[in-house]
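K.L.:
I'm passing along coords06.txt; it holds compact mmCIF, C-alpha atoms and all ligand atoms.
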```txt
# COMPACT_ATOMS: atom_id res chain seq x y z
CA MET A 1257 -34.54 -18.52 -49.02
CA GLU A 1258 -36.52 -21.43 -50.43
CA ARG A 1259 -40.26 -20.79 -50.49
CA ILE A 1260 -42.79 -23.50 -49.61
CA ASN A 1261 -46.37 -23.65 -50.96
CA VAL A 1262 -49.08 -24.98 -48.68
CA THR A 1263 -52.87 -24.82 -48.44
CA ILE A 1264 -54.48 -23.77 -45.15
CA ASP A 1265 -58.28 -24.12 -44.99
CA GLY A 1266 -58.33 -24.00 -48.78
CA THR A 1267 -56.26 -20.80 -48.99
CA LYS A 1268 -52.93 -20.96 -50.83
CA VAL A 1269 -50.10 -19.73 -48.60
CA THR A 1270 -46.40 -19.35 -49.39
CA ALA A 1271 -43.89 -19.37 -46.55
CA ASP A 1272 -40.13 -19.54 -46.06
CA LYS A 1273 -38.65 -23.02 -45.55
CA GLY A 1274 -38.38 -23.69 -41.82
CA THR A 1275 -41.57 -21.76 -41.00
CA THR A 1276 -44.06 -23.50 -38.73
CA VAL A 1277 -47.69 -24.07 -39.75
CA LEU A 1278 -48.73 -21.57 -37.06
CA GLU A 1279 -46.38 -18.88 -38.39
CA ALA A 1280 -47.53 -19.50 -41.97
CA ALA A 1281 -51.20 -19.25 -40.92
CA ARG A 1282 -50.55 -16.02 -39.00
CA SER A 1283 -48.75 -14.49 -41.97
CA ALA A 1284 -51.86 -15.19 -44.08
CA GLY A 1285 -54.24 -13.81 -41.42
CA ILE A 1286 -55.66 -17.26 -40.60
CA TYR A 1287 -56.46 -17.63 -36.91
CA ILE A 1288 -55.27 -20.65 -34.95
CA PRO A 1289 -55.76 -20.40 -31.17
CA ALA A 1290 -52.48 -20.53 -29.24
CA LEU A 1291 -51.83 -19.41 -25.69
CA CYS A 1292 -48.15 -20.22 -25.25
CA SER A 1293 -46.73 -19.09 -28.58
CA HIS A 1294 -46.66 -15.39 -29.51
CA PRO A 1295 -45.42 -13.50 -32.60
CA HIS A 1296 -42.92 -11.54 -30.47
CA LEU A 1297 -41.34 -14.75 -29.09
CA PRO A 1298 -38.95 -17.16 -30.80
CA SER A 1299 -40.66 -20.08 -32.52
CA SER A 1300 -42.04 -22.75 -30.18
CA ARG A 1301 -39.69 -25.18 -31.92
CA GLN A 1302 -36.80 -23.47 -30.14
CA VAL A 1303 -38.02 -23.24 -26.55
CA GLU A 1304 -34.96 -22.77 -24.34
CA PRO A 1305 -34.90 -24.43 -20.89
CA PHE A 1306 -36.39 -22.07 -18.32
CA GLU A 1307 -34.81 -20.72 -15.24
CA VAL A 1308 -36.42 -22.67 -12.41
CA VAL A 1309 -36.33 -21.17 -8.93
CA TYR A 1310 -36.85 -23.13 -5.72
CA ARG A 1311 -38.07 -21.18 -2.74
CA GLY A 1312 -38.35 -22.43 0.79
CA LYS A 1313 -35.79 -23.39 3.40
CA GLU A 1314 -33.25 -23.66 0.62
CA LYS A 1315 -33.39 -20.04 -0.47
CA TYR A 1316 -33.71 -19.16 -4.16
CA LYS A 1317 -31.77 -21.99 -5.68
CA ASN A 1318 -31.72 -21.48 -9.43
CA ASP A 1319 -31.40 -24.26 -11.95
CA LYS A 1320 -31.48 -23.91 -15.70
CA SER A 1321 -31.19 -27.59 -16.54
CA THR A 1322 -34.78 -28.74 -16.20
CA ASN A 1323 -37.94 -28.47 -18.03
CA GLU A 1324 -40.11 -30.34 -20.37
CA PHE A 1325 -42.34 -27.58 -21.64
CA GLU A 1326 -45.44 -29.01 -23.28
CA GLY A 1327 -47.21 -25.79 -24.11
CA CYS A 1328 -50.94 -25.18 -24.24
CA GLN A 1329 -51.73 -27.85 -26.88
CA LEU A 1330 -54.48 -25.68 -28.37
CA CYS A 1331 -53.00 -25.02 -31.82
CA LEU A 1332 -53.88 -28.54 -33.01
CA VAL A 1333 -54.47 -28.95 -36.74
CA GLN A 1334 -55.21 -31.76 -39.19
CA ILE A 1335 -52.81 -32.35 -42.06
CA ASP A 1336 -53.77 -34.53 -45.03
CA GLY A 1337 -51.78 -37.76 -44.97
CA MET A 1338 -50.58 -37.26 -41.41
CA GLU A 1339 -52.01 -39.19 -38.46
CA GLY A 1340 -53.34 -37.54 -35.35
CA LEU A 1341 -53.58 -33.84 -34.54
CA PRO A 1342 -50.12 -32.24 -34.62
CA THR A 1343 -49.49 -28.87 -32.98
CA ALA A 1344 -49.18 -26.09 -35.56
CA CYS A 1345 -46.47 -24.33 -33.51
CA THR A 1346 -44.01 -27.24 -33.78
CA THR A 1347 -44.82 -28.59 -37.26
CA GLU A 1348 -42.74 -27.26 -40.13
CA VAL A 1349 -44.42 -26.53 -43.47
CA THR A 1350 -43.54 -28.88 -46.33
CA GLU A 1351 -44.25 -28.48 -50.04
CA GLY A 1352 -47.86 -29.25 -50.98
CA MET A 1353 -49.04 -29.66 -47.38
CA ALA A 1354 -52.84 -29.32 -46.90
CA VAL A 1355 -53.77 -28.06 -43.41
CA HIS A 1356 -57.21 -27.84 -41.75
CA THR A 1357 -57.49 -25.63 -38.68
CA ASN A 1358 -61.12 -25.93 -37.60
CA THR A 1359 -62.88 -29.30 -37.77
CA PRO A 1360 -65.26 -30.79 -35.14
CA GLU A 1361 -62.53 -33.29 -34.13
CA ILE A 1362 -59.93 -30.53 -33.62
CA GLN A 1363 -62.33 -28.33 -31.67
CA HIS A 1364 -63.36 -31.25 -29.42
CA LYS A 1365 -59.73 -32.01 -28.57
CA ARG A 1366 -59.00 -28.31 -28.01
CA ARG A 1367 -61.93 -28.10 -25.56
CA GLU A 1368 -60.46 -31.05 -23.66
CA ASN A 1369 -57.03 -29.38 -23.56
CA LEU A 1370 -58.50 -26.04 -22.45
CA LYS A 1371 -60.05 -27.59 -19.33
CA PRO A 1372 -56.82 -28.08 -17.34
CA ILE A 1373 -55.67 -24.60 -18.38
CA ILE A 1374 -58.74 -22.96 -16.82
CA SER A 1375 -59.11 -25.38 -13.92
CA GLU A 1376 -57.17 -22.95 -11.68
CA HIS A 1377 -58.36 -19.81 -13.45
CA PRO A 1378 -61.57 -17.90 -12.61
CA ASN A 1379 -63.65 -19.51 -15.34
CA VAL A 1380 -67.26 -18.85 -14.33
CA CYS A 1381 -67.71 -16.06 -16.89
CA LEU A 1382 -65.95 -18.07 -19.59
CA VAL A 1383 -68.39 -20.95 -19.29
CA CYS A 1384 -71.53 -18.95 -18.37
CA ASP A 1385 -74.12 -19.04 -21.18
CA ARG A 1386 -75.68 -15.75 -20.04
CA LYS A 1387 -72.50 -13.64 -19.96
CA GLU A 1388 -73.93 -11.10 -22.44
CA ASP A 1389 -76.63 -10.24 -19.86
CA CYS A 1390 -73.96 -8.80 -17.54
CA ASP A 1391 -73.30 -5.76 -19.73
CA PRO A 1392 -75.79 -3.37 -18.05
CA PHE A 1393 -74.35 -4.15 -14.59
CA ARG A 1394 -70.68 -4.14 -15.49
CA GLY A 1395 -69.99 -0.63 -14.21
CA SER A 1396 -71.13 -1.46 -10.72
CA ILE A 1397 -69.73 -4.94 -10.29
CA ARG A 1398 -66.17 -4.28 -11.43
CA LYS A 1399 -63.26 -3.37 -9.14
CA ALA A 1400 -64.00 -6.28 -6.81
CA ALA A 1401 -61.31 -7.14 -4.27
CA VAL A 1402 -61.00 -10.69 -5.58
CA ILE A 1403 -61.35 -11.52 -9.26
CA THR A 1404 -63.79 -14.40 -9.53
CA GLY A 1405 -64.69 -13.95 -13.18
CA CYS A 1406 -64.23 -11.75 -16.24
CA GLU A 1407 -66.82 -9.18 -15.15
CA PHE A 1408 -64.62 -8.37 -12.15
CA CYS A 1409 -61.35 -8.38 -14.06
CA PRO A 1410 -59.48 -5.34 -15.44
CA ASN A 1411 -58.61 -7.39 -18.49
CA ASN A 1412 -62.23 -7.96 -19.47
CA LEU A 1413 -62.84 -7.60 -23.23
CA ARG A 1414 -59.12 -7.17 -23.97
CA CYS A 1415 -58.18 -10.69 -22.96
CA GLU A 1416 -56.66 -13.31 -25.22
CA LEU A 1417 -57.82 -16.18 -23.00
CA GLN A 1418 -61.40 -14.92 -23.40
CA GLU A 1419 -60.97 -14.84 -27.19
CA VAL A 1420 -59.53 -18.34 -27.26
CA ALA A 1421 -62.27 -19.73 -25.00
CA ALA A 1422 -64.95 -18.09 -27.16
CA TYR A 1423 -63.42 -19.52 -30.35
CA ILE A 1424 -63.01 -23.03 -28.98
CA GLY A 1425 -66.15 -23.00 -26.86
CA THR A 1426 -66.51 -24.44 -23.39
CA ASP A 1427 -68.93 -27.12 -22.31
CA GLU A 1428 -70.86 -27.91 -19.16
CA SER A 1429 -68.26 -30.45 -18.08
CA THR A 1430 -65.67 -27.71 -17.42
CA PRO A 1431 -64.78 -28.27 -13.75
CA PRO A 1432 -65.30 -25.52 -11.16
CA TYR A 1433 -62.02 -23.71 -10.67
CA GLU A 1434 -59.84 -23.88 -7.62
CA TYR A 1435 -58.97 -20.33 -6.46
CA ARG A 1436 -55.28 -20.13 -5.60
CA GLY A 1437 -55.72 -17.42 -3.01
CA LEU A 1438 -52.35 -15.80 -3.78
CA PRO A 1439 -51.95 -12.16 -2.70
CA ALA A 1440 -51.61 -9.86 -5.72
CA VAL A 1441 -48.13 -8.32 -5.97
CA LYS A 1442 -48.68 -4.55 -5.88
CA SER A 1443 -45.15 -3.39 -5.04
CA ASP A 1444 -43.81 -3.08 -8.61
CA PRO A 1445 -43.75 0.43 -10.05
CA PHE A 1446 -45.45 -0.03 -13.43
CA PHE A 1447 -47.61 -3.14 -13.32
CA GLU A 1448 -49.47 -5.38 -10.96
CA ARG A 1449 -48.90 -9.13 -10.85
CA ASN A 1450 -51.89 -11.26 -9.93
CA TYR A 1451 -50.82 -14.87 -10.27
CA ASN A 1452 -54.34 -16.06 -9.47
CA LEU A 1453 -55.02 -15.25 -13.13
CA CYS A 1454 -51.85 -16.88 -14.45
CA ILE A 1455 -52.29 -19.90 -16.72
CA ALA A 1456 -48.57 -20.79 -16.61
CA CYS A 1457 -48.19 -20.36 -20.36
CA ALA A 1458 -44.60 -19.17 -19.76
CA ARG A 1459 -44.81 -16.44 -22.40
CA CYS A 1460 -43.55 -13.89 -19.86
CA VAL A 1461 -40.65 -16.13 -18.83
CA ARG A 1462 -39.60 -16.64 -22.45
CA ALA A 1463 -40.01 -12.93 -23.28
CA CYS A 1464 -37.76 -12.00 -20.37
CA GLN A 1465 -35.20 -14.75 -20.89
CA ASP A 1466 -35.11 -15.39 -24.65
CA VAL A 1467 -35.98 -11.94 -26.02
CA ARG A 1468 -34.68 -9.52 -23.36
CA GLY A 1469 -31.84 -11.73 -22.11
CA ASN A 1470 -32.79 -10.91 -18.56
CA SER A 1471 -34.32 -13.86 -16.65
CA ALA A 1472 -35.91 -11.75 -13.92
CA ILE A 1473 -38.85 -14.17 -13.83
CA GLY A 1474 -39.00 -17.91 -13.98
CA LEU A 1475 -40.94 -20.96 -12.97
CA VAL A 1476 -40.96 -20.84 -9.20
CA PHE A 1477 -41.49 -23.79 -6.91
CA GLN A 1478 -42.88 -22.48 -3.69
CA ASP A 1479 -44.37 -24.60 -0.93
CA GLY A 1480 -44.33 -27.58 -3.28
CA LYS A 1481 -46.32 -25.74 -5.93
CA ALA A 1482 -45.11 -24.55 -9.32
CA ILE A 1483 -46.10 -21.02 -10.25
CA VAL A 1484 -44.58 -18.23 -12.30
CA GLY A 1485 -42.86 -15.43 -10.43
CA SER A 1486 -39.84 -13.25 -9.86
CA LYS A 1487 -36.50 -14.89 -9.09
CA ALA A 1488 -36.10 -12.88 -5.89
CA PRO A 1489 -38.94 -11.54 -3.69
CA THR A 1490 -39.31 -8.40 -5.82
CA LEU A 1491 -38.77 -7.72 -9.50
CA GLU A 1492 -36.28 -4.98 -8.67
CA GLU A 1493 -34.12 -7.45 -6.72
CA SER A 1494 -34.43 -9.90 -9.63
CA GLY A 1495 -32.78 -7.47 -12.02
CA CYS A 1496 -35.95 -6.48 -13.87
CA GLN A 1497 -35.52 -3.54 -16.23
CA PHE A 1498 -39.28 -2.89 -16.39
CA CYS A 1499 -39.29 -3.09 -20.16
CA GLY A 1500 -42.85 -4.46 -20.03
CA ALA A 1501 -42.19 -7.24 -22.59
CA CYS A 1502 -43.77 -9.73 -20.19
CA VAL A 1503 -46.89 -7.57 -19.84
CA ASP A 1504 -47.29 -7.24 -23.60
CA VAL A 1505 -47.27 -10.98 -24.23
CA CYS A 1506 -49.37 -12.06 -21.23
CA PRO A 1507 -52.63 -13.52 -22.55
CA THR A 1508 -54.54 -12.93 -19.29
CA GLY A 1509 -54.99 -10.22 -16.66
CA ALA A 1510 -52.14 -11.69 -14.57
CA LEU A 1511 -49.88 -8.77 -15.57
CA THR A 1512 -51.73 -5.46 -15.70
CA GLU A 1513 -50.35 -1.96 -16.19
CA TRP A 1514 -51.22 0.43 -13.36
CA ILE A 1515 -51.75 3.36 -15.70
CA ASN A 1516 -54.64 1.76 -17.61
CA LYS A 1517 -55.79 -0.96 -15.26
CA TRP A 1518 -59.47 0.07 -15.38
CA GLU A 1519 -59.46 1.91 -18.72
CA GLY A 1520 -61.02 -0.98 -20.65
CA VAL A 1521 -60.71 -1.31 -24.41
CA ALA A 1522 -58.98 1.37 -26.49
CA GLU A 1523 -61.10 2.93 -29.25
CA LYS A 1524 -58.27 3.27 -31.73
CA GLN A 1525 -54.53 2.83 -32.19
CA VAL A 1526 -52.16 5.39 -33.68
CA VAL A 1527 -48.63 4.36 -34.65
CA SER A 1528 -46.02 6.87 -33.58
CA THR A 1529 -42.28 7.12 -32.89
CA CYS A 1530 -41.13 7.04 -29.28
CA PRO A 1531 -39.92 10.55 -28.44
CA TYR A 1532 -37.41 9.56 -25.75
CA CYS A 1533 -34.29 8.64 -27.72
CA GLY A 1534 -32.67 8.25 -31.12
CA VAL A 1535 -33.46 4.54 -31.49
CA GLY A 1536 -36.86 5.54 -32.86
CA CYS A 1537 -38.95 2.60 -31.60
CA GLN A 1538 -42.38 2.38 -33.20
CA LEU A 1539 -45.23 2.35 -30.70
CA GLU A 1540 -48.95 1.76 -31.10
CA LEU A 1541 -50.53 4.43 -28.95
CA GLN A 1542 -53.83 3.32 -27.42
CA ILE A 1543 -56.46 6.07 -27.55
CA LYS A 1544 -59.79 6.33 -25.77
CA LYS A 1545 -62.05 9.39 -25.73
CA ASP A 1546 -59.19 11.47 -27.23
CA ARG A 1547 -56.92 10.48 -24.35
CA LEU A 1548 -53.80 8.36 -24.49
CA ILE A 1549 -54.28 5.30 -22.27
CA GLY A 1550 -51.31 3.11 -23.21
CA ALA A 1551 -48.38 2.40 -25.49
CA THR A 1552 -47.70 -0.98 -27.08
CA PRO A 1553 -44.45 -1.60 -29.00
CA LYS A 1554 -45.26 -2.38 -32.61
CA GLY A 1555 -44.30 -5.80 -33.94
CA ASP A 1556 -44.39 -6.49 -37.66
CA GLY A 1557 -41.91 -4.88 -40.00
CA VAL A 1558 -40.38 -2.34 -37.63
CA PRO A 1559 -36.86 -2.35 -36.19
CA ASN A 1560 -37.89 -2.70 -32.54
CA LYS A 1561 -39.82 -5.94 -33.31
CA GLY A 1562 -42.44 -5.58 -30.59
CA GLN A 1563 -40.00 -4.35 -27.94
CA ALA A 1564 -39.45 -1.07 -26.08
CA CYS A 1565 -37.58 0.05 -23.00
CA VAL A 1566 -39.15 1.29 -19.77
CA LYS A 1567 -39.37 4.87 -21.08
CA GLY A 1568 -41.26 4.05 -24.27
CA LYS A 1569 -43.48 1.43 -22.67
CA PHE A 1570 -44.43 3.12 -19.43
CA GLY A 1571 -43.17 6.70 -19.65
CA ILE A 1572 -45.39 8.24 -22.30
CA VAL A 1573 -48.97 8.24 -21.00
CA GLU A 1574 -48.08 9.94 -17.74
CA TYR A 1575 -46.10 12.80 -19.24
CA VAL A 1576 -48.50 13.50 -22.11
CA HIS A 1577 -51.33 14.13 -19.64
CA HIS A 1578 -49.24 15.48 -16.76
CA PRO A 1579 -50.71 18.76 -15.45
CA GLU A 1580 -47.21 20.28 -15.15
CA ARG A 1581 -46.18 19.40 -18.70
CA LEU A 1582 -44.52 22.31 -20.45
CA LYS A 1583 -46.58 23.12 -23.54
CA VAL A 1584 -45.47 26.66 -24.44
CA PRO A 1585 -42.06 28.40 -24.31
CA LEU A 1586 -41.20 30.26 -21.09
CA ILE A 1587 -39.01 33.39 -21.00
CA ARG A 1588 -37.50 34.59 -17.75
CA LYS A 1589 -38.61 38.17 -17.18
CA ASN A 1590 -37.90 40.06 -13.97
CA GLY A 1591 -36.66 36.88 -12.28
CA SER A 1592 -39.65 34.66 -13.07
CA PHE A 1593 -40.70 32.51 -16.04
CA GLN A 1594 -43.50 33.88 -18.19
CA GLU A 1595 -45.34 32.20 -21.06
CA ALA A 1596 -44.34 33.36 -24.53
CA SER A 1597 -45.16 32.60 -28.15
CA TRP A 1598 -42.75 30.52 -30.26
CA ASP A 1599 -41.97 33.57 -32.45
CA GLU A 1600 -41.07 35.59 -29.37
CA ALA A 1601 -38.88 32.81 -27.94
CA LEU A 1602 -37.06 32.10 -31.22
CA GLU A 1603 -36.42 35.79 -31.84
CA LEU A 1604 -34.91 36.15 -28.37
CA VAL A 1605 -32.62 33.12 -28.85
CA ALA A 1606 -31.54 34.32 -32.31
CA GLU A 1607 -30.79 37.79 -30.98
CA ARG A 1608 -28.74 36.44 -28.04
CA LEU A 1609 -26.78 33.96 -30.19
CA GLY A 1610 -26.09 36.72 -32.71
CA SER A 1611 -24.37 38.77 -30.02
CA PHE A 1612 -21.52 36.21 -29.71
CA SER A 1613 -18.74 35.32 -32.15
CA PRO A 1614 -18.82 31.70 -33.48
CA SER A 1615 -15.85 30.63 -31.32
CA GLU A 1616 -17.72 31.76 -28.20
CA ILE A 1617 -20.65 29.38 -28.90
CA GLY A 1618 -20.86 25.65 -28.10
CA VAL A 1619 -23.85 23.37 -28.64
CA ILE A 1620 -24.52 20.21 -26.67
CA SER A 1621 -26.93 17.76 -28.29
CA SER A 1622 -28.74 14.93 -26.57
CA ALA A 1623 -29.47 11.21 -26.78
CA LYS A 1624 -33.03 12.11 -25.89
CA CYS A 1625 -33.45 13.66 -29.35
CA THR A 1626 -34.14 11.67 -32.49
CA ASN A 1627 -31.33 11.05 -35.00
CA GLU A 1628 -32.97 13.58 -37.31
CA GLU A 1629 -33.03 16.25 -34.58
CA ASN A 1630 -29.35 15.59 -33.80
CA TYR A 1631 -28.51 15.89 -37.50
CA VAL A 1632 -30.32 19.23 -37.71
CA ALA A 1633 -28.54 20.43 -34.53
CA GLN A 1634 -25.07 19.78 -35.99
CA LYS A 1635 -26.07 21.28 -39.35
CA PHE A 1636 -27.42 24.39 -37.63
CA THR A 1637 -24.26 24.70 -35.51
CA ARG A 1638 -21.85 24.35 -38.42
CA ALA A 1639 -23.80 26.07 -41.23
CA VAL A 1640 -25.70 28.80 -39.36
CA LEU A 1641 -23.67 29.50 -36.22
CA GLY A 1642 -20.39 28.94 -38.12
CA THR A 1643 -18.63 26.81 -35.52
CA ASN A 1644 -17.64 23.16 -35.13
CA ASN A 1645 -18.22 23.38 -31.37
CA ILE A 1646 -20.96 20.74 -31.40
CA ASP A 1647 -20.90 17.75 -29.08
CA HIS A 1648 -23.21 15.16 -27.60
CA CYS A 1649 -24.03 14.43 -23.95
CA ALA A 1650 -23.43 10.68 -24.49
CA ARG A 1651 -19.66 11.40 -24.62
CA LEU A 1652 -19.53 12.84 -21.12
S1 LIG B 1701 -57.90 -12.88 -17.30
FE1 LIG B 1701 -59.37 -12.91 -18.99
S2 LIG B 1701 -60.45 -14.86 -18.79
FE2 LIG B 1701 -59.43 -14.45 -16.86
S3 LIG B 1701 -60.91 -13.42 -15.55
FE3 LIG B 1701 -59.72 -11.82 -16.59
S4 LIG B 1701 -60.87 -11.32 -18.45
FE4 LIG B 1701 -61.63 -13.32 -17.69
S1 LIG B 1702 -40.48 -6.09 -17.31
FE1 LIG B 1702 -38.93 -6.88 -18.77
S2 LIG B 1702 -37.14 -7.34 -17.51
FE2 LIG B 1702 -38.89 -7.15 -16.10
S3 LIG B 1702 -39.70 -9.20 -15.85
FE3 LIG B 1702 -40.85 -8.29 -17.53
S4 LIG B 1702 -39.71 -8.89 -19.39
FE4 LIG B 1702 -38.35 -9.23 -17.63
S1 LIG B 1703 -48.06 -14.24 -15.98
FE1 LIG B 1703 -49.16 -14.21 -17.94
S2 LIG B 1703 -47.59 -14.62 -19.49
FE2 LIG B 1703 -46.75 -15.22 -17.51
S3 LIG B 1703 -47.16 -17.40 -17.37
FE3 LIG B 1703 -48.82 -16.33 -16.35
S4 LIG B 1703 -50.40 -16.06 -17.90
FE4 LIG B 1703 -48.53 -16.60 -18.97
S1 LIG B 1704 -36.52 5.47 -25.26
FE1 LIG B 1704 -36.69 3.25 -25.28
S2 LIG B 1704 -38.61 2.81 -26.32
FE2 LIG B 1704 -38.07 4.93 -26.77
S3 LIG B 1704 -36.95 4.87 -28.72
FE3 LIG B 1704 -35.43 4.75 -27.06
S4 LIG B 1704 -35.11 2.56 -26.73
FE4 LIG B 1704 -37.02 2.77 -27.88
```
Show the structure stored in the file as structure tokens.
P.N.:
Amino acid sequence: MERINVTIDGTKVTADKGTTVLEAARSAGIYIPALCSHPHLPSSRQVEPFEVVYRGKEKYKNDKSTNEFEGCQLCLVQIDGMEGLPTACTTEVTEGMAVHTNTPEIQHKRRENLKPIISEHPNVCLVCDRKEDCDPFRGSIRKAAVITGCEFCPNNLRCELQEVAAYIGTDESTPPYEYRGLPAVKSDPFFERNYNLCIACARCVRACQDVRGNSAIGLVFQDGKAIVGSKAPTLEESGCQFCGACVDVCPTGALTEWINKWEGVAEKQVVSTCPYCGVGCQLELQIKKDRLIGATPKGDGVPNKGQACVKGKFGIVEYVHHPERLKVPLIRKNGSFQEASWDEALELVAERLGSFSPSEIGVISSAKCTNEENYVAQKFTRAVLGTNNIDHCARL
């Protein structure tokens, strides 16, 4: 692959041919605000037409032919020798290109472009110049029925829109927002959808359609208004697999996991392997006060590329802290299970297995084990138990 040399804010960066300026900057750790592009999504140069759903008298008519997606227009940059302010997410790097990401002219234009994005979003806290003073009262003013600002929002302090607004800055001319008054959708099993907080960036739609190949959500025209939503009244009816990819890319509190809705910011992340199957997805476990509060699929350099299935995404926190979780071996004695040590349990199993001939033993392995565990199971069966009677539940 041909490599291209560019300079971004004076830093020399080398990127593959075909890379966008935004991707090259991200790879070098240089921040450019962007609310519609995301590292887990295909490049913004390849935005596929969205599924558009029309609701009303004509029930759920789907059409994949339309859309002129313009994006957030926040990743503007200046490039020496190029007129205007091109978007970094659609501009390909060329040899010797010199890029500037943060000049007064760029920031002014970004502020202008941010205004329509937050004109229907609770923006009072974003524009308030005394927002730091809220800290002592935060505990008592959160969990409001209607989210009218960041201090009332479960996404507060872990919100990409907040970060972007802080980086770009807002000015006094930001218009007061128009509250949509949409009822929050609370019927889904793993996350809440509050489209009053949606900025229509379409990240969730692209994650579902272009990454997961699912199209459970789309741009929805309802009562003459365009919003984002499920294709059918519920996500389940829309064919959602509850993989959570949409939640992970959402830059606002519009999509919020039930399990950690009011947990706030994690104190640290620990990378671990999902224990549910042999695929071995890498997850960033979110930890707070020595408790697991969430799991985020890891992106860079791992096979699952920022994706997980419903088990890895939503199934870990609950079982790790479940009061009925089995943590020690149990041995049935006198008709009831009793706690035992590992030595005791292993000795019992070894003694029982030793009482049979190899041809009387069969071992069934499981897709819920890792590849390594399945390898050890077959090795143990063949080399220790002396039989080839080893099979796997996936073949049933
Ligand atoms: S989604 Fe973000 S910007 Fe919007 S109210 Fe919540 S914390 Fe504030
Ligand atoms: S959870 Fe997965 S399948 Fe369901 S809407 Fe989100 S991205 Fe699509
Ligand atoms: S729900 Fe979130 S990801 Fe989807 S369009 Fe709205 S803000 Fe963007
Ligand atoms: S259970 Fe799901 S998230 Fe976990 S390793 Fe398997 S595919 Fe990945």
K.L.:
Which residues form the shell of 7 Å around ligand LIG 1703 (chain B) when you count all atoms listed in the file, given as an NGL selection string?
P.N.:
:A and (1451 or 1453-1461 or 1484 or 1502 or 1505-1508 or 1510-1511)
K.L.:
Which chains and residue numbers are within 8 Å of ligand LIG 1704 (chain B), counting all atoms listed in the file, if I want them as a PyMOL selection string?
P.N.:
chain A and resi 1529-1539+1553+1560+1563-1569+1624
K.L.:
Write out as number ranges by chain the residues lying within 8 Å of segment 1645-1647 of chain A, counting only C-alpha atoms and excluding same-chain residues fewer than 2 positions away.
P.N.:
A: 1615, 1617-1621, 1634, 1637-1638, 1643, 1649, 1651
K.L.:
Within 8 Å of ligand LIG 1701 (chain B), counting all atoms listed in the file, which protein or nucleic acid residues do you find, written as a list in words?
P.N.:
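The neighbouring residues of ligand LIG 1701 (chain B) are, in order, His1377, Pro1378, Asn1379, Cys1381, Leu1382, Ile1403, Thr1404, Gly1405, Cys1406, Glu1407, Phe1408, Cys1409, Pro1410, Asn1411, Asn1412, Leu1413, Arg1414, Cys1415, Glu1416, Leu1417, Gln1418, Leu1453, Cys1454, Pro1507, Thr1508, Gly1509 and Ala1510 of chain A.
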K.L.:
Please, could you write that set of residues out with C-alpha atoms as a PDB file, in the coordinates of the input?
P.N.:
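The file below, again_39.pdb, is the result:
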```
ATOM      1  CA  HIS A1377     -58.360 -19.810 -13.450  1.00  0.00           C
ATOM      2  CA  PRO A1378     -61.570 -17.900 -12.610  1.00  0.00           C
ATOM      3  CA  ASN A1379     -63.650 -19.510 -15.340  1.00  0.00           C
ATOM      4  CA  CYS A1381     -67.710 -16.060 -16.890  1.00  0.00           C
ATOM      5  CA  LEU A1382     -65.950 -18.070 -19.590  1.00  0.00           C
ATOM      6  CA  ILE A1403     -61.350 -11.520  -9.260  1.00  0.00           C
ATOM      7  CA  THR A1404     -63.790 -14.400  -9.530  1.00  0.00           C
ATOM      8  CA  GLY A1405     -64.690 -13.950 -13.180  1.00  0.00           C
ATOM      9  CA  CYS A1406     -64.230 -11.750 -16.240  1.00  0.00           C
ATOM     10  CA  GLU A1407     -66.820  -9.180 -15.150  1.00  0.00           C
ATOM     11  CA  PHE A1408     -64.620  -8.370 -12.150  1.00  0.00           C
ATOM     12  CA  CYS A1409     -61.350  -8.380 -14.060  1.00  0.00           C
ATOM     13  CA  PRO A1410     -59.480  -5.340 -15.440  1.00  0.00           C
ATOM     14  CA  ASN A1411     -58.610  -7.390 -18.490  1.00  0.00           C
ATOM     15  CA  ASN A1412     -62.230  -7.960 -19.470  1.00  0.00           C
ATOM     16  CA  LEU A1413     -62.840  -7.600 -23.230  1.00  0.00           C
ATOM     17  CA  ARG A1414     -59.120  -7.170 -23.970  1.00  0.00           C
ATOM     18  CA  CYS A1415     -58.180 -10.690 -22.960  1.00  0.00           C
ATOM     19  CA  GLU A1416     -56.660 -13.310 -25.220  1.00  0.00           C
ATOM     20  CA  LEU A1417     -57.820 -16.180 -23.000  1.00  0.00           C
ATOM     21  CA  GLN A1418     -61.400 -14.920 -23.400  1.00  0.00           C
ATOM     22  CA  LEU A1453     -55.020 -15.250 -13.130  1.00  0.00           C
ATOM     23  CA  CYS A1454     -51.850 -16.880 -14.450  1.00  0.00           C
ATOM     24  CA  PRO A1507     -52.630 -13.520 -22.550  1.00  0.00           C
ATOM     25  CA  THR A1508     -54.540 -12.930 -19.290  1.00  0.00           C
ATOM     26  CA  GLY A1509     -54.990 -10.220 -16.660  1.00  0.00           C
ATOM     27  CA  ALA A1510     -52.140 -11.690 -14.570  1.00  0.00           C
TER      28      ALA A1510
END
```
K.L.:
Taking into account only C-alpha atoms and all ligand atoms, which residue in the set A:Lys1487, A:Arg1386, A:Lys1273, A:Arg1608 is nearest to ligand LIG 1702 (chain B)?
P.N.:
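Under the stated criterion, the closest residue is A:Lys1487.
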K.L.:
Using all atoms listed in the file, determine which residues fall within 10 Å of ligand LIG 1702 (chain B), then list them as a PyMOL selection string.
P.N.:
chain A and resi 1444+1446-1447+1459-1474+1485-1487+1491-1492+1494-1505+1511+1563-1566+1569
K.L.:
Could you check how far atom CA of Pro1372 of chain A sits from atom CA of Cys1390 of chain A, in Å to one decimal?
P.N.:
25.8 Å
